[in-house]
Structure formats: C-alpha cells, structure tokens
Amino acid sequence: MKKKVFKGSGVALVTPMHSDGSVNFEVLGEILEFQIKNKTDAIIICGTTGESATMSDEERAAVIDFAAKNVAGRVPIIAGTGSNSTEHALTMSKKAQELGADAILVVTPYYNKTSQRGLLRHYSYIADNVDLPMILYNVPSRTGISIRPETYAELAKHPNIVATKEANGDLSAIAKTIALCGDDLVVYSGNDDQTIPILSVGGLGVISVFANVCPYESYKISEKFFAGDINAARELFLRSNELMEALFCDVNPIPVKEAMNQLGFSCGSCRLPLVPLSAENKDKLVTAMRKFGVVTR
C-alpha cells in the first residue's frame, strides 16, 4: 500500500497580495498559522485558488519556499506544479522538491490538451523524474480534458502517483475509479459540495476552497465522517452548503479572496483577468457568511 499524503481536509490556499499585485508574505504567514490552529490536515499552495496561472515561476518558488519554511513539517505542504508543458511541469516539480514540498499537485494539460495516451506519458514522465508523491488534478471544466477511470488504473501502477484531486463532478466515474484502483490511488474531492458523496464511496478527504474561510468546519466534516458519526458529518456538511455555494458565485478565487478580506485578512484582489465581485454577488457572499456565523457585521 502506498503512503498517503494526508487524510481529511486540505486547504487550497489563496495567495494574499498587496494593492500593487505583489505577494503579501506577512499575511500569508498569518493565514498559514490560522489554518494550522484550526486543524487543517494539509496546505495546498500555488494551485488554482492560489492564482498560480498568473504567477511567475520565481513567485511560485518563493511562495512554496515560504510555506515550507513557516509550516516546518507541522502539516504536509503540497505544491501546485502543473503546466500544459510537460517539461515546464517537471521543472516546477523538481523546484518544489528542492524547496521542501512534501508532495506535488499536477493538473491535466490545458488548452493544447492531449489524449488519454498522452496523459499516461505526461504523468509518467514527471513521476519518473521526481522523488515526491504526486497528486493528479482532474478539473475538466477548466482544462477541457478529463482523466478516465481506466487511465487512472494505469497511472496508479506508478509508485510515485498516489492520489487525485477529482473535480469532474461525475460521481459514477469517481466510484468506478475507486473500484478500479483500490488502495493504489487515493481520491480527494475537488469540489466542496461533493465532499460527503465522495467520502461515502471511498474518498479520503477534500482539497477545499471552503477551508480557507472555515478550516475547522471543513476538518470536522471529514473527521466526524471517519469517526463513524455520519449524521453529524452530514448535518455540518448540509449547513455549510449555502456558504460553499456562495464561494463559487463567481470564478474561483474571486469570492474566496473577498471572503478572506471580510474575515480581516488583507488578501487584496485577484490579478487580471479576474476582477472583483459585483455588488450583488458580494451581498450574496456576505449574507451567507453572516448566516453561517463567520462574520457578524
């Protein structure tokens, strides 16, 4: 059986930024401590929610380095290193390893896309050349390509390919993947609103946007589920659903950065081409946060 990177709730962390768009490392340090204090099981840095698409390689390396040094082994650091260029993904993966990441998260190639055969070659090539556990990231709504269960079954044979963040929204396909791969591939929910359904068919946790705002509640959903208190896990999950939905009222990470600003963390705005929330969506988000009890104003 392969070693698991984490079990439970991993946070897909935002990257706080100054008004000039540069990374705000002081606030990043505050957010990392907030997450660890509130029981987050893993930190996923420089992923989609972290705006890696608009960060330079040097910025991504600096953020990974900062997170690894500040977390200092208290929870795993998983670095987003994916690219639609296999060589670029490998370069970033090697850099993450050098900087002390515990695992890498590698999204499927986007825009140029590839075939299922191409996915096998892409991921195997990276895994052959990096000595870190790899978590695949399947998010067809963003990339235009999806990893099929049969392809997962082949990829899971590689000793360094240990898990997937599954955000295809297709529970039948996810169940088939789990059935085909067994203990050779851990499945994490990549959609907050599917956490309980995916746990119920054998998933091991979630890589969560919701956990930025409510890390302890995200942790408790998985913790209660794995402790066998399914009713309590379900009740908390259902109570969280409105806020989870509000955090996706616009393109991620626009709403969650606004939510973090509302909590008092100076995360700033997203980099262009992402723009701030409309007044209507901001009202929707703040109302959901107020109903959930994370803000009072």
# chains A, B, ... in the order shown; residues from 1 in each chain; ligands from 1
>>> closest_atom_pairs(of="segment 45-111 of chain A", to="segment 3-24 of chain A", cutoff="7 Å", atoms="only C-alpha atoms", output="CSV")
residue,atom,partner,partner_atom,distance
A:Ile45,CA,A:Leu13,CA,5.7
A:Gly47,CA,A:Ala12,CA,6.6
A:Thr49,CA,A:Val14,CA,5.3
A:Gly50,CA,A:Val14,CA,4.3
A:Glu51,CA,A:Thr15,CA,6.8
>>> write_last_selection(atoms="all heavy atoms", output="mmCIF file, in the first residue's frame")
data_model
loop_
_atom_site.group_PDB
_atom_site.id
_atom_site.type_symbol
_atom_site.label_atom_id
_atom_site.label_comp_id
_atom_site.auth_asym_id
_atom_site.auth_seq_id
_atom_site.Cartn_x
_atom_site.Cartn_y
_atom_site.Cartn_z
ATOM 1 N N ILE A 45 -0.555 24.750 -1.861
ATOM 2 C CA ILE A 45 -0.066 26.083 -2.189
ATOM 3 C C ILE A 45 0.152 26.197 -3.703
ATOM 4 O O ILE A 45 0.511 25.217 -4.357
ATOM 5 C CB ILE A 45 1.240 26.369 -1.404
ATOM 6 C CG1 ILE A 45 1.525 27.863 -1.276
ATOM 7 C CG2 ILE A 45 2.415 25.612 -1.950
ATOM 8 C CD1 ILE A 45 0.836 28.519 -0.125
ATOM 9 N N GLY A 47 -1.980 26.530 -6.160
ATOM 10 C CA GLY A 47 -2.936 25.854 -7.021
ATOM 11 C C GLY A 47 -3.817 26.874 -7.722
ATOM 12 O O GLY A 47 -3.489 28.063 -7.802
ATOM 13 N N THR A 49 -6.682 28.106 -6.728
ATOM 14 C CA THR A 49 -7.132 29.100 -5.761
ATOM 15 C C THR A 49 -6.009 30.052 -5.383
ATOM 16 O O THR A 49 -6.258 31.197 -5.001
ATOM 17 C CB THR A 49 -7.700 28.403 -4.510
ATOM 18 O OG1 THR A 49 -8.650 27.416 -4.920
ATOM 19 C CG2 THR A 49 -8.377 29.379 -3.575
ATOM 20 N N GLY A 50 -4.771 29.587 -5.502
ATOM 21 C CA GLY A 50 -3.616 30.433 -5.223
ATOM 22 C C GLY A 50 -3.168 31.289 -6.388
ATOM 23 O O GLY A 50 -2.143 31.975 -6.300
ATOM 24 N N GLU A 51 -3.932 31.275 -7.477
ATOM 25 C CA GLU A 51 -3.664 32.106 -8.658
ATOM 26 C C GLU A 51 -2.330 31.785 -9.335
ATOM 27 O O GLU A 51 -1.653 32.656 -9.882
ATOM 28 C CB GLU A 51 -3.739 33.594 -8.317
ATOM 29 C CG GLU A 51 -5.119 34.039 -7.855
ATOM 30 C CD GLU A 51 -5.177 35.518 -7.530
ATOM 31 O OE1 GLU A 51 -5.225 36.349 -8.456
ATOM 32 O OE2 GLU A 51 -5.173 35.826 -6.320
#
>>> select_by_dssp(residues="segment 44-289 of chain A", states="strand (DSSP E)", output="CSV table (one decimal) with all heavy atoms, in the first residue's frame")
chain,number,residue,atom,x,y,z
A,44,ILE,N,-2.3,23.2,0.5
A,44,ILE,CA,-2.1,23.1,-0.9
A,44,ILE,C,-1.8,24.5,-1.4
A,44,ILE,O,-2.6,25.4,-1.4
A,44,ILE,CB,-3.3,22.5,-1.7
A,44,ILE,CG1,-3.5,21.0,-1.3
A,44,ILE,CG2,-3.0,22.6,-3.2
A,44,ILE,CD1,-4.2,20.8,0.0
A,45,ILE,N,-0.6,24.7,-1.9
A,45,ILE,CA,-0.1,26.1,-2.2
A,45,ILE,C,0.2,26.2,-3.7
A,45,ILE,O,0.5,25.2,-4.4
A,45,ILE,CB,1.2,26.4,-1.4
A,45,ILE,CG1,1.5,27.9,-1.3
A,45,ILE,CG2,2.4,25.6,-2.0
A,45,ILE,CD1,0.8,28.5,-0.1
A,77,ILE,N,2.9,20.1,3.0
A,77,ILE,CA,2.8,21.1,2.0
A,77,ILE,C,2.8,20.5,0.7
A,77,ILE,O,3.7,19.7,0.3
A,77,ILE,CB,4.1,22.1,2.1
A,77,ILE,CG1,4.1,22.9,3.4
A,77,ILE,CG2,4.0,23.0,0.9
A,77,ILE,CD1,2.9,23.9,3.5
A,78,ILE,N,1.7,20.7,-0.1
A,78,ILE,CA,1.5,20.2,-1.4
A,78,ILE,C,1.6,21.3,-2.4
A,78,ILE,O,0.8,22.3,-2.3
A,78,ILE,CB,0.2,19.5,-1.5
A,78,ILE,CG1,0.1,18.3,-0.5
A,78,ILE,CG2,0.0,18.9,-2.9
A,78,ILE,CD1,-1.3,17.8,-0.2
A,79,ALA,N,2.6,21.3,-3.3
A,79,ALA,CA,2.8,22.4,-4.2
A,79,ALA,C,2.2,22.1,-5.6
A,79,ALA,O,2.4,21.1,-6.2
A,79,ALA,CB,4.3,22.6,-4.4
A,80,GLY,N,1.4,23.1,-6.1
A,80,GLY,CA,0.9,23.1,-7.4
A,80,GLY,C,2.0,23.3,-8.4
A,80,GLY,O,2.6,24.4,-8.4
A,103,ALA,N,4.7,17.0,-1.3
A,103,ALA,CA,4.0,16.4,-2.5
A,103,ALA,C,3.8,17.4,-3.5
A,103,ALA,O,3.9,18.6,-3.2
A,103,ALA,CB,2.7,15.7,-2.0
A,104,ILE,N,3.4,17.0,-4.7
A,104,ILE,CA,3.1,17.9,-5.8
A,104,ILE,C,1.7,17.6,-6.3
A,104,ILE,O,1.2,16.5,-6.2
A,104,ILE,CB,4.1,17.8,-6.9
A,104,ILE,CG1,4.3,16.4,-7.4
A,104,ILE,CG2,5.4,18.5,-6.5
A,104,ILE,CD1,5.2,16.3,-8.6
A,105,LEU,N,1.0,18.7,-6.7
A,105,LEU,CA,-0.3,18.6,-7.3
A,105,LEU,C,-0.2,19.0,-8.8
A,105,LEU,O,0.2,20.1,-9.1
A,105,LEU,CB,-1.3,19.5,-6.6
A,105,LEU,CG,-2.7,19.6,-7.2
A,105,LEU,CD1,-3.5,18.3,-6.9
A,105,LEU,CD2,-3.5,20.8,-6.6
A,106,VAL,N,-0.5,18.1,-9.7
A,106,VAL,CA,-0.2,18.3,-11.1
A,106,VAL,C,-1.5,18.3,-11.9
A,106,VAL,O,-2.1,17.2,-12.1
A,106,VAL,CB,0.8,17.3,-11.7
A,106,VAL,CG1,1.1,17.6,-13.1
A,106,VAL,CG2,2.1,17.4,-10.8
A,107,VAL,N,-2.0,19.4,-12.4
A,107,VAL,CA,-3.2,19.5,-13.2
A,107,VAL,C,-3.0,18.9,-14.6
A,107,VAL,O,-1.9,18.8,-15.1
A,107,VAL,CB,-3.7,20.9,-13.3
A,107,VAL,CG1,-2.8,21.8,-14.2
A,107,VAL,CG2,-5.1,21.0,-13.8
A,134,MET,N,2.9,12.3,-6.1
A,134,MET,CA,2.2,13.1,-7.0
A,134,MET,C,0.7,12.9,-6.8
A,134,MET,O,0.2,11.8,-6.8
A,134,MET,CB,2.6,12.8,-8.4
A,134,MET,CG,1.8,13.7,-9.4
A,134,MET,SD,2.0,13.1,-11.2
A,134,MET,CE,3.8,13.3,-11.4
A,135,ILE,N,0.0,14.0,-6.7
A,135,ILE,CA,-1.5,14.1,-6.7
A,135,ILE,C,-1.9,14.6,-8.0
A,135,ILE,O,-1.5,15.7,-8.4
A,135,ILE,CB,-2.0,14.9,-5.6
A,135,ILE,CG1,-1.6,14.4,-4.2
A,135,ILE,CG2,-3.6,14.9,-5.6
A,135,ILE,CD1,-1.9,15.3,-3.0
A,136,LEU,N,-2.6,13.9,-8.8
A,136,LEU,CA,-3.2,14.3,-10.1
A,136,LEU,C,-4.3,15.3,-9.8
A,136,LEU,O,-4.9,15.3,-8.7
A,136,LEU,CB,-3.7,13.2,-10.9
A,136,LEU,CG,-2.7,11.9,-11.0
A,136,LEU,CD1,-3.4,10.9,-11.9
A,136,LEU,CD2,-1.4,12.3,-11.6
A,137,TYR,N,-4.6,16.1,-10.8
A,137,TYR,CA,-5.7,17.1,-10.6
A,137,TYR,C,-6.6,17.1,-11.8
A,137,TYR,O,-6.1,17.5,-12.9
A,137,TYR,CB,-5.2,18.5,-10.3
A,137,TYR,CG,-6.2,19.6,-10.1
A,137,TYR,CD1,-7.5,19.3,-9.8
A,137,TYR,CD2,-5.8,20.9,-10.2
A,137,TYR,CE1,-8.5,20.3,-9.6
A,137,TYR,CE2,-6.8,21.9,-9.9
A,137,TYR,CZ,-8.1,21.6,-9.7
A,137,TYR,OH,-9.0,22.6,-9.5
A,138,ASN,N,-7.8,16.6,-11.7
A,138,ASN,CA,-8.7,16.4,-12.8
A,138,ASN,C,-9.8,17.4,-12.7
A,138,ASN,O,-10.7,17.3,-11.9
A,138,ASN,CB,-9.3,15.0,-12.8
A,138,ASN,CG,-10.0,14.7,-14.1
A,138,ASN,OD1,-9.6,15.1,-15.2
A,138,ASN,ND2,-11.1,13.9,-14.0
A,161,ILE,N,2.8,8.0,-8.1
A,161,ILE,CA,1.4,8.6,-8.3
A,161,ILE,C,0.5,8.0,-7.3
A,161,ILE,O,0.1,6.8,-7.4
A,161,ILE,CB,1.0,8.3,-9.8
A,161,ILE,CG1,1.9,9.0,-10.8
A,161,ILE,CG2,-0.5,8.8,-10.0
A,161,ILE,CD1,1.6,8.7,-12.2
A,162,VAL,N,0.1,8.8,-6.3
A,162,VAL,CA,-0.5,8.3,-5.1
A,162,VAL,C,-2.0,8.7,-5.0
A,162,VAL,O,-2.7,8.1,-4.2
A,162,VAL,CB,0.3,8.7,-3.9
A,162,VAL,CG1,1.7,8.2,-3.9
A,162,VAL,CG2,0.3,10.2,-3.6
A,163,ALA,N,-2.4,9.8,-5.6
A,163,ALA,CA,-3.7,10.3,-5.4
A,163,ALA,C,-4.2,11.2,-6.5
A,163,ALA,O,-3.5,11.5,-7.4
A,163,ALA,CB,-3.7,11.1,-4.1
A,164,THR,N,-5.5,11.5,-6.4
A,164,THR,CA,-6.0,12.5,-7.4
A,164,THR,C,-7.0,13.5,-6.6
A,164,THR,O,-7.7,13.1,-5.7
A,164,THR,CB,-6.8,11.8,-8.5
A,164,THR,OG1,-7.2,12.8,-9.5
A,164,THR,CG2,-8.0,11.0,-8.1
A,165,LYS,N,-7.0,14.7,-7.1
A,165,LYS,CA,-8.0,15.7,-6.7
A,165,LYS,C,-9.0,15.6,-7.8
A,165,LYS,O,-8.8,16.1,-8.9
A,165,LYS,CB,-7.4,17.1,-6.6
A,165,LYS,CG,-8.4,18.2,-6.3
A,165,LYS,CD,-7.8,19.5,-6.3
A,165,LYS,CE,-8.8,20.6,-6.0
A,165,LYS,NZ,-8.3,22.0,-6.1
A,166,GLU,N,-10.2,15.1,-7.5
A,166,GLU,CA,-11.2,14.8,-8.5
A,166,GLU,C,-12.3,15.8,-8.5
A,166,GLU,O,-13.0,15.9,-7.6
A,166,GLU,CB,-11.7,13.4,-8.3
A,166,GLU,CG,-12.7,12.9,-9.4
A,166,GLU,CD,-12.1,13.1,-10.8
A,166,GLU,OE1,-11.3,12.2,-11.3
A,166,GLU,OE2,-12.4,14.1,-11.4
A,186,VAL,N,-5.5,7.2,-3.9
A,186,VAL,CA,-6.4,7.9,-3.0
A,186,VAL,C,-7.1,8.9,-3.8
A,186,VAL,O,-6.6,9.6,-4.7
A,186,VAL,CB,-5.6,8.6,-1.9
A,186,VAL,CG1,-6.4,9.7,-1.2
A,186,VAL,CG2,-5.0,7.6,-0.9
A,187,VAL,N,-8.4,9.1,-3.5
A,187,VAL,CA,-9.2,10.1,-4.2
A,187,VAL,C,-9.7,11.2,-3.2
A,187,VAL,O,-10.2,10.8,-2.1
A,187,VAL,CB,-10.5,9.5,-4.8
A,187,VAL,CG1,-11.4,10.6,-5.4
A,187,VAL,CG2,-10.1,8.5,-6.0
A,188,TYR,N,-9.4,12.4,-3.5
A,188,TYR,CA,-9.8,13.6,-2.7
A,188,TYR,C,-10.9,14.3,-3.5
A,188,TYR,O,-10.7,14.5,-4.7
A,188,TYR,CB,-8.7,14.5,-2.4
A,188,TYR,CG,-7.5,13.9,-1.6
A,188,TYR,CD1,-6.3,13.8,-2.2
A,188,TYR,CD2,-7.7,13.5,-0.3
A,188,TYR,CE1,-5.2,13.2,-1.5
A,188,TYR,CE2,-6.6,13.0,0.4
A,188,TYR,CZ,-5.4,12.9,-0.2
A,188,TYR,OH,-4.4,12.3,0.5
A,189,SER,N,-11.9,14.7,-2.9
A,189,SER,CA,-12.9,15.6,-3.6
A,189,SER,C,-12.3,16.9,-3.9
A,189,SER,O,-11.6,17.6,-3.1
A,189,SER,CB,-14.1,15.8,-2.7
A,189,SER,OG,-15.0,16.7,-3.3
A,205,GLY,N,-10.8,12.4,1.6
A,205,GLY,CA,-10.8,13.7,2.1
A,205,GLY,C,-11.2,14.7,1.0
A,205,GLY,O,-11.7,14.3,0.0
A,206,VAL,N,-10.8,16.0,1.2
A,206,VAL,CA,-11.2,17.0,0.3
A,206,VAL,C,-10.0,18.0,0.2
A,206,VAL,O,-9.3,18.2,1.1
A,206,VAL,CB,-12.5,17.8,0.8
A,206,VAL,CG1,-12.2,18.4,2.1
A,206,VAL,CG2,-12.9,18.8,-0.2
A,207,ILE,N,-9.8,18.5,-1.0
A,207,ILE,CA,-8.9,19.7,-1.2
A,207,ILE,C,-9.9,20.9,-1.4
A,207,ILE,O,-10.5,21.0,-2.5
A,207,ILE,CB,-7.9,19.5,-2.4
A,207,ILE,CG1,-7.0,18.3,-2.0
A,207,ILE,CG2,-7.2,20.7,-2.7
A,207,ILE,CD1,-6.0,18.0,-3.0
A,208,SER,N,-9.9,21.7,-0.4
A,208,SER,CA,-11.1,22.6,-0.2
A,208,SER,C,-10.8,24.1,-0.4
A,208,SER,O,-9.9,24.6,0.2
A,208,SER,CB,-11.6,22.3,1.2
A,208,SER,OG,-12.6,23.2,1.6
>>> select_by_dssp(residues="segment 17-84 of chain A", states="helix (DSSP H, G or I)", output="PyMOL selection string")
chain A and resi 25-37+52-54+57-71
>>> closest_atom_pairs(of="segment 197-233 of chain A", to="segment 237-253 of chain A", cutoff="7 Å", atoms="only C-alpha atoms", output="tab-separated table")
residue	atom	partner	partner_atom	distance
A:Phe210	CA	A:Met244	CA	5.9
A:Ile221	CA	A:Phe237	CA	6.3
A:Ala233	CA	A:Phe237	CA	6.1
>>> closest_atom_pairs(of="segment 198-238 of chain A", to="segment 167-185 of chain A", cutoff="10 Å", atoms="only C-alpha atoms", output="Markdown table")
| residue | atom | partner | partner_atom | distance |
| --- | --- | --- | --- | --- |
| A:Ile198 | CA | A:Leu171 | CA | 7.3 |
| A:Ser200 | CA | A:Ala175 | CA | 9.6 |
| A:Val201 | CA | A:Ala175 | CA | 6.1 |
| A:Gly202 | CA | A:Ile178 | CA | 6.8 |
| A:Gly203 | CA | A:Ile178 | CA | 7.8 |
| A:Ile207 | CA | A:Ala167 | CA | 9.8 |
>>> write_last_selection(atoms="N, CA, C and O atoms", output="CSV table (one decimal), in the first residue's frame")
chain,number,residue,atom,x,y,z
A,198,ILE,N,-18.4,11.8,-2.1
A,198,ILE,CA,-17.1,11.2,-2.4
A,198,ILE,C,-16.5,10.4,-1.3
A,198,ILE,O,-16.0,9.3,-1.5
A,200,SER,N,-18.3,8.9,0.9
A,200,SER,CA,-19.2,7.7,1.0
A,200,SER,C,-18.8,6.6,0.1
A,200,SER,O,-19.2,5.4,0.3
A,201,VAL,N,-18.1,6.9,-1.0
A,201,VAL,CA,-17.7,5.8,-2.0
A,201,VAL,C,-16.3,5.5,-1.8
A,201,VAL,O,-15.7,4.7,-2.7
A,202,GLY,N,-15.6,6.0,-0.8
A,202,GLY,CA,-14.2,5.6,-0.5
A,202,GLY,C,-13.2,6.7,-0.6
A,202,GLY,O,-12.0,6.4,-0.5
A,203,GLY,N,-13.6,7.9,-0.9
A,203,GLY,CA,-12.6,9.0,-0.9
A,203,GLY,C,-12.0,9.2,0.5
A,203,GLY,O,-12.5,8.8,1.5
A,207,ILE,N,-9.8,18.5,-1.0
A,207,ILE,CA,-8.9,19.7,-1.2
A,207,ILE,C,-9.9,20.9,-1.4
A,207,ILE,O,-10.5,21.0,-2.5
>>> residues_around(residues="Ala279 of chain A", least_positions_apart="3", cutoff="12 Å", atoms="only C-alpha atoms", output="list in words")
Cys249, Asp250, Pro255, Glu258, Pro276, Lys282, Asp283, Lys284, Leu285 and Val286 of chain A
>>> atom_distance(atom1="atom CA of Lys2 of chain A", atom2="atom CA of Leu155 of chain A")
13.3 Å
>>> atom_distance(atom1="atom CA of Leu99 of chain A", atom2="atom CA of Ile36 of chain A")
20.0 Å
>>> closest_residue(among="A:Ala259, A:Leu199, A:Leu90, A:Ala156", to="Arg234 of chain A", atoms="only C-alpha atoms")
A:Leu199
>>> residues_around(residues="Thr143 of chain A", least_positions_apart="2", cutoff="7 Å", atoms="only C-alpha atoms", output="tab-separated table (two decimals) with all heavy atoms, in the first residue's frame")
chain	number	residue	atom	x	y	z
A	108	THR	N	-4.10	18.38	-15.17
A	108	THR	CA	-4.03	17.88	-16.54
A	108	THR	C	-3.65	19.02	-17.49
A	108	THR	O	-3.96	20.18	-17.24
A	108	THR	CB	-5.38	17.30	-17.00
A	108	THR	OG1	-6.39	18.29	-16.82
A	108	THR	CG2	-5.75	16.06	-16.22
A	109	PRO	N	-2.96	18.72	-18.59
A	109	PRO	CA	-2.63	19.76	-19.56
A	109	PRO	C	-3.89	20.46	-20.08
A	109	PRO	O	-4.90	19.81	-20.34
A	109	PRO	CB	-1.93	18.98	-20.68
A	109	PRO	CG	-1.40	17.75	-20.02
A	109	PRO	CD	-2.41	17.40	-18.96
A	110	TYR	N	-3.81	21.77	-20.19
A	110	TYR	CA	-4.94	22.59	-20.60
A	110	TYR	C	-4.63	23.27	-21.93
A	110	TYR	O	-3.48	23.38	-22.35
A	110	TYR	CB	-5.25	23.65	-19.53
A	110	TYR	CG	-4.00	24.27	-18.96
A	110	TYR	CD1	-3.38	25.36	-19.58
A	110	TYR	CD2	-3.39	23.73	-17.82
A	110	TYR	CE1	-2.22	25.90	-19.08
A	110	TYR	CE2	-2.21	24.27	-17.32
A	110	TYR	CZ	-1.63	25.34	-17.95
A	110	TYR	OH	-0.46	25.88	-17.46
A	111	TYR	N	-5.63	23.75	-22.59
A	111	TYR	CA	-5.58	24.44	-23.88
A	111	TYR	C	-5.10	23.51	-25.00
A	111	TYR	O	-5.88	23.14	-25.87
A	111	TYR	CB	-4.72	25.72	-23.84
A	111	TYR	CG	-4.83	26.48	-25.15
A	111	TYR	CD1	-6.02	27.11	-25.51
A	111	TYR	CD2	-3.76	26.52	-26.04
A	111	TYR	CE1	-6.14	27.77	-26.73
A	111	TYR	CE2	-3.87	27.18	-27.25
A	111	TYR	CZ	-5.05	27.79	-27.60
A	111	TYR	OH	-5.17	28.44	-28.80
A	139	VAL	N	-9.79	18.47	-13.55
A	139	VAL	CA	-10.78	19.55	-13.47
A	139	VAL	C	-11.19	19.94	-14.90
A	139	VAL	O	-10.78	20.99	-15.41
A	139	VAL	CB	-10.26	20.74	-12.63
A	139	VAL	CG1	-8.95	21.28	-13.17
A	139	VAL	CG2	-11.32	21.82	-12.46
A	140	PRO	N	-11.97	19.10	-15.56
A	140	PRO	CA	-12.29	19.32	-16.97
A	140	PRO	C	-13.00	20.63	-17.27
A	140	PRO	O	-12.91	21.13	-18.39
A	140	PRO	CB	-13.15	18.11	-17.34
A	140	PRO	CG	-13.59	17.51	-16.05
A	140	PRO	CD	-12.53	17.83	-15.06
A	141	SER	N	-13.71	21.21	-16.30
A	141	SER	CA	-14.38	22.48	-16.56
A	141	SER	C	-13.38	23.59	-16.85
A	141	SER	O	-13.71	24.58	-17.51
A	141	SER	CB	-15.24	22.88	-15.35
A	141	SER	OG	-14.42	23.12	-14.21
A	145	ILE	N	-10.30	18.62	-20.59
A	145	ILE	CA	-9.89	17.22	-20.69
A	145	ILE	C	-10.15	16.53	-19.37
A	145	ILE	O	-10.04	17.15	-18.30
A	145	ILE	CB	-8.40	17.11	-21.09
A	145	ILE	CG1	-8.00	15.66	-21.31
A	145	ILE	CG2	-7.51	17.78	-20.07
A	145	ILE	CD1	-6.59	15.52	-21.85
>>> closest_residue(among="A:Thr195, A:Asn70, A:Thr81, A:Thr40", to="Ser56 of chain A", atoms="only C-alpha atoms")
A:Thr81
>>> atom_distance(atom1="atom CA of Leu236 of chain A", atom2="atom CA of Asn38 of chain A")
16.0 Å
>>> closest_residue(among="A:Ala101, A:Ala153, A:Cys267, A:Ile64", to="Glu26 of chain A", atoms="only C-alpha atoms")
A:Cys267
